[in-house]
Amino acid sequence: QVNLVESGGGLVQAGGSLRLSCAASGRTFSRYAMAWFRQAPGKERESVADISWNGYTNYADSVKGRFTISRDSAKNTVYLQMNSLKPEDTAVYYCAAKNPGSASYDYWGQGTQVTVSA
């Protein structure tokens with residue numbers, strides 16, 4: 001079992017920055033693939049960025065060049081640095097973890113709200 005706790009959300013003006021953190025429990029954190037998803041009101045949840053156990057990253061086209069996902073295995077934490085934020089980035093952001101070999105994400109955090117004002 002893995003518990004994920006997100007933090008770092010808040011209200012920011014367009015063009016600003018935020019860094020989200022996701023603290024994970026469990027001794028095998030370094031083996032999990034990790035990801036950030038988001039869900040805006042009235043919209044489906046979408047993948048924002050993911051990072052493999054060995055550091056390979058992928059990004060949604062809408063955030064490429066603005067967001068950076070990273071992980072610190074010593075701290076059991078994954079981060080999402082968000083720069084040049086836009087109002088359309090407003091959403092609840094969720095952290096997720098995937099067991100090795102799993103086809104989908106197995107563990108989810110409770111979410112943190114990010115609001116970008118125009």
# chains A, B, ... in the order shown; residues from 1 in each chain; ligands from 1
>>> residues_around(residues="Thr77 of chain A", least_positions_apart="4", cutoff="12 Å", atoms="only C-alpha atoms", output="VMD selection string")
chain A and resid 3 to 7 20 to 26 29 to 30 32 to 35 51 69 to 73 95 to 97
>>> write_last_selection(atoms="N, CA and C atoms", output="mmCIF file, in the first residue's frame")
data_model
loop_
_atom_site.group_PDB
_atom_site.id
_atom_site.type_symbol
_atom_site.label_atom_id
_atom_site.label_comp_id
_atom_site.auth_asym_id
_atom_site.auth_seq_id
_atom_site.Cartn_x
_atom_site.Cartn_y
_atom_site.Cartn_z
ATOM 1 N N ASN A 3 0.599 5.506 0.289
ATOM 2 C CA ASN A 3 -0.175 6.718 0.549
ATOM 3 C C ASN A 3 0.519 7.898 -0.105
ATOM 4 N N LEU A 4 -0.253 8.715 -0.794
ATOM 5 C CA LEU A 4 0.274 9.874 -1.502
ATOM 6 C C LEU A 4 -0.396 11.132 -0.952
ATOM 7 N N VAL A 5 0.403 12.121 -0.620
ATOM 8 C CA VAL A 5 -0.122 13.372 -0.071
ATOM 9 C C VAL A 5 0.450 14.528 -0.870
ATOM 10 N N GLU A 6 -0.438 15.245 -1.567
ATOM 11 C CA GLU A 6 -0.023 16.393 -2.368
ATOM 12 C C GLU A 6 -0.035 17.666 -1.537
ATOM 13 N N SER A 7 0.797 18.610 -1.940
ATOM 14 C CA SER A 7 0.806 19.933 -1.328
ATOM 15 C C SER A 7 1.346 20.923 -2.344
ATOM 16 N N LEU A 20 4.286 21.919 -7.037
ATOM 17 C CA LEU A 20 3.527 20.909 -6.310
ATOM 18 C C LEU A 20 4.469 19.815 -5.824
ATOM 19 N N SER A 21 4.156 19.291 -4.655
ATOM 20 C CA SER A 21 4.917 18.174 -4.095
ATOM 21 C C SER A 21 3.970 17.030 -3.804
ATOM 22 N N CYS A 22 4.484 15.837 -3.906
ATOM 23 C CA CYS A 22 3.716 14.637 -3.585
ATOM 24 C C CYS A 22 4.616 13.734 -2.750
ATOM 25 N N ALA A 23 4.290 13.620 -1.481
ATOM 26 C CA ALA A 23 5.060 12.773 -0.578
ATOM 27 C C ALA A 23 4.444 11.387 -0.541
ATOM 28 N N ALA A 24 5.275 10.376 -0.745
ATOM 29 C CA ALA A 24 4.801 8.998 -0.813
ATOM 30 C C ALA A 24 5.340 8.179 0.346
ATOM 31 N N SER A 25 4.487 7.323 0.868
ATOM 32 C CA SER A 25 4.945 6.371 1.875
ATOM 33 C C SER A 25 5.415 5.110 1.166
ATOM 34 N N GLY A 26 6.062 4.226 1.885
ATOM 35 C CA GLY A 26 6.456 2.966 1.272
ATOM 36 C C GLY A 26 7.941 2.893 1.016
ATOM 37 N N PHE A 29 9.415 3.170 -3.068
ATOM 38 C CA PHE A 29 9.050 4.332 -3.880
ATOM 39 C C PHE A 29 9.870 4.398 -5.143
ATOM 40 N N SER A 30 11.141 4.092 -5.074
ATOM 41 C CA SER A 30 12.034 4.255 -6.222
ATOM 42 C C SER A 30 11.635 3.351 -7.381
ATOM 43 N N TYR A 32 8.437 2.797 -8.344
ATOM 44 C CA TYR A 32 7.160 3.188 -8.917
ATOM 45 C C TYR A 32 7.332 4.209 -10.030
ATOM 46 N N ALA A 33 6.532 4.083 -11.073
ATOM 47 C CA ALA A 33 6.337 5.187 -11.996
ATOM 48 C C ALA A 33 5.372 6.157 -11.331
ATOM 49 N N MET A 34 5.609 7.436 -11.517
ATOM 50 C CA MET A 34 4.802 8.463 -10.877
ATOM 51 C C MET A 34 4.240 9.407 -11.932
ATOM 52 N N ALA A 35 3.134 10.027 -11.594
ATOM 53 C CA ALA A 35 2.518 10.930 -12.559
ATOM 54 C C ALA A 35 1.709 12.002 -11.849
ATOM 55 N N ILE A 51 6.777 10.286 -14.872
ATOM 56 C CA ILE A 51 8.211 10.016 -14.765
ATOM 57 C C ILE A 51 8.400 8.557 -14.377
ATOM 58 N N ILE A 69 8.467 17.734 -14.337
ATOM 59 C CA ILE A 69 8.273 16.718 -13.306
ATOM 60 C C ILE A 69 9.638 16.177 -12.894
ATOM 61 N N SER A 70 9.788 15.929 -11.602
ATOM 62 C CA SER A 70 11.044 15.377 -11.101
ATOM 63 C C SER A 70 10.742 14.533 -9.870
ATOM 64 N N ARG A 71 11.730 13.751 -9.475
ATOM 65 C CA ARG A 71 11.545 12.924 -8.288
ATOM 66 C C ARG A 71 12.818 12.898 -7.467
ATOM 67 N N ASP A 72 12.633 12.749 -6.172
ATOM 68 C CA ASP A 72 13.743 12.642 -5.227
ATOM 69 C C ASP A 72 13.496 11.382 -4.413
ATOM 70 N N SER A 73 14.173 10.314 -4.779
ATOM 71 C CA SER A 73 13.930 9.038 -4.108
ATOM 72 C C SER A 73 14.386 9.050 -2.661
ATOM 73 N N CYS A 95 -1.669 13.417 -7.711
ATOM 74 C CA CYS A 95 -0.471 12.606 -7.842
ATOM 75 C C CYS A 95 -0.895 11.139 -7.913
ATOM 76 N N ALA A 96 -0.176 10.345 -8.707
ATOM 77 C CA ALA A 96 -0.504 8.932 -8.840
ATOM 78 C C ALA A 96 0.770 8.104 -8.923
ATOM 79 N N ALA A 97 0.663 6.861 -8.472
ATOM 80 C CA ALA A 97 1.800 5.938 -8.499
ATOM 81 C C ALA A 97 1.375 4.621 -9.130
#
>>> residues_around(residues="segment 63-66 of chain A", least_positions_apart="4", cutoff="7 Å", atoms="only C-alpha atoms", output="compact mmCIF listing (two decimals) with C-alpha atoms, in the first residue's frame")
# COMPACT_ATOMS: atom_id res chain seq x y z
CA TYR A 59 4.40 15.66 -20.86
CA MET A 82 4.75 24.82 -13.05
CA ASN A 83 5.90 28.02 -14.74
CA SER A 84 4.15 30.51 -17.02
>>> closest_residue(among="A:Thr28, A:Thr112, A:Thr90, A:Thr68", to="Lys43 of chain A", atoms="only C-alpha atoms")
A:Thr90
>>> select_by_dssp(residues="segment 48-103 of chain A", states="strand (DSSP E)", output="list in words")
Val48, Ala49, Asp50, Ile51, Thr57, Asn58, Tyr59, Phe67, Thr68, Ile69, Ser70, Arg71, Asp72, Thr77, Val78, Tyr79, Leu80, Gln81, Met82, Ala91, Val92, Tyr93, Tyr94, Cys95, Ala96, Ala97 and Lys98 of chain A
>>> select_by_dssp(residues="chain A", states="helix (DSSP H, G or I)", output="list of chain:residue names")
A:Phe29, A:Ser30, A:Arg31, A:Pro87, A:Glu88, A:Asp89
>>> atom_distance(atom1="atom CA of Gln113 of chain A", atom2="atom CA of Val92 of chain A")
4.4 Å
>>> closest_residue(among="A:Gln81, A:Ser117, A:Gly101, A:Ala91", to="Ser17 of chain A", atoms="only C-alpha atoms")
A:Gln81
>>> atom_distance(atom1="atom CA of Gln1 of chain A", atom2="atom CA of Val114 of chain A")
26.9 Å
>>> atom_distance(atom1="atom CA of Ser62 of chain A", atom2="atom CA of Thr115 of chain A")
16.5 Å
>>> decode(residues="segment 78-96 of chain A", atoms="N, CA, C and O atoms", output="CSV table (one decimal), in the first residue's frame")
chain,number,residue,atom,x,y,z
A,78,VAL,N,7.8,13.3,-5.3
A,78,VAL,CA,7.8,13.7,-6.7
A,78,VAL,C,7.3,15.2,-6.8
A,78,VAL,O,6.4,15.6,-6.0
A,79,TYR,N,7.8,15.9,-7.7
A,79,TYR,CA,7.5,17.3,-7.8
A,79,TYR,C,6.9,17.7,-9.2
A,79,TYR,O,7.2,17.0,-10.2
A,80,LEU,N,6.2,18.8,-9.2
A,80,LEU,CA,5.7,19.3,-10.5
A,80,LEU,C,6.0,20.8,-10.4
A,80,LEU,O,5.2,21.5,-9.7
A,81,GLN,N,7.0,21.3,-11.1
A,81,GLN,CA,7.3,22.7,-11.2
A,81,GLN,C,6.5,23.3,-12.3
A,81,GLN,O,6.6,22.8,-13.5
A,82,MET,N,5.7,24.2,-12.0
A,82,MET,CA,4.8,24.8,-13.1
A,82,MET,C,5.1,26.3,-13.2
A,82,MET,O,5.0,27.1,-12.3
A,83,ASN,N,5.5,26.6,-14.4
A,83,ASN,CA,5.9,28.0,-14.7
A,83,ASN,C,5.0,28.6,-15.8
A,83,ASN,O,4.3,27.8,-16.5
A,84,SER,N,5.0,29.9,-16.0
A,84,SER,CA,4.2,30.5,-17.0
A,84,SER,C,2.7,30.0,-17.0
A,84,SER,O,2.1,29.6,-18.0
A,85,LEU,N,2.1,30.0,-15.8
A,85,LEU,CA,0.8,29.4,-15.6
A,85,LEU,C,-0.2,30.2,-16.4
A,85,LEU,O,-0.1,31.5,-16.5
A,86,LYS,N,-1.2,29.5,-16.9
A,86,LYS,CA,-2.3,30.1,-17.6
A,86,LYS,C,-3.7,29.8,-16.9
A,86,LYS,O,-3.8,28.8,-16.2
A,87,PRO,N,-4.7,30.6,-17.1
A,87,PRO,CA,-6.0,30.3,-16.5
A,87,PRO,C,-6.5,28.9,-16.8
A,87,PRO,O,-7.1,28.3,-16.0
A,88,GLU,N,-6.2,28.4,-18.0
A,88,GLU,CA,-6.6,27.1,-18.4
A,88,GLU,C,-5.9,26.0,-17.6
A,88,GLU,O,-6.3,24.8,-17.8
A,89,ASP,N,-4.9,26.3,-16.8
A,89,ASP,CA,-4.2,25.3,-16.0
A,89,ASP,C,-5.0,25.1,-14.7
A,89,ASP,O,-4.7,24.2,-13.9
A,90,THR,N,-6.0,25.9,-14.4
A,90,THR,CA,-6.8,25.8,-13.2
A,90,THR,C,-7.5,24.4,-13.2
A,90,THR,O,-8.2,24.0,-14.1
A,91,ALA,N,-7.2,23.7,-12.1
A,91,ALA,CA,-7.8,22.4,-11.9
A,91,ALA,C,-7.4,21.8,-10.5
A,91,ALA,O,-6.5,22.5,-9.8
A,92,VAL,N,-7.9,20.7,-10.2
A,92,VAL,CA,-7.4,19.9,-9.1
A,92,VAL,C,-6.3,19.0,-9.6
A,92,VAL,O,-6.6,18.3,-10.6
A,93,TYR,N,-5.2,19.0,-9.0
A,93,TYR,CA,-4.0,18.3,-9.5
A,93,TYR,C,-3.9,17.1,-8.5
A,93,TYR,O,-3.8,17.2,-7.3
A,94,TYR,N,-3.7,15.9,-9.2
A,94,TYR,CA,-3.6,14.6,-8.4
A,94,TYR,C,-2.3,14.0,-8.7
A,94,TYR,O,-1.8,13.9,-9.9
A,95,CYS,N,-1.7,13.4,-7.7
A,95,CYS,CA,-0.5,12.6,-7.8
A,95,CYS,C,-0.9,11.1,-7.9
A,95,CYS,O,-1.9,10.7,-7.2
A,96,ALA,N,-0.2,10.3,-8.7
A,96,ALA,CA,-0.5,8.9,-8.8
A,96,ALA,C,0.8,8.1,-8.9
A,96,ALA,O,1.8,8.6,-9.4
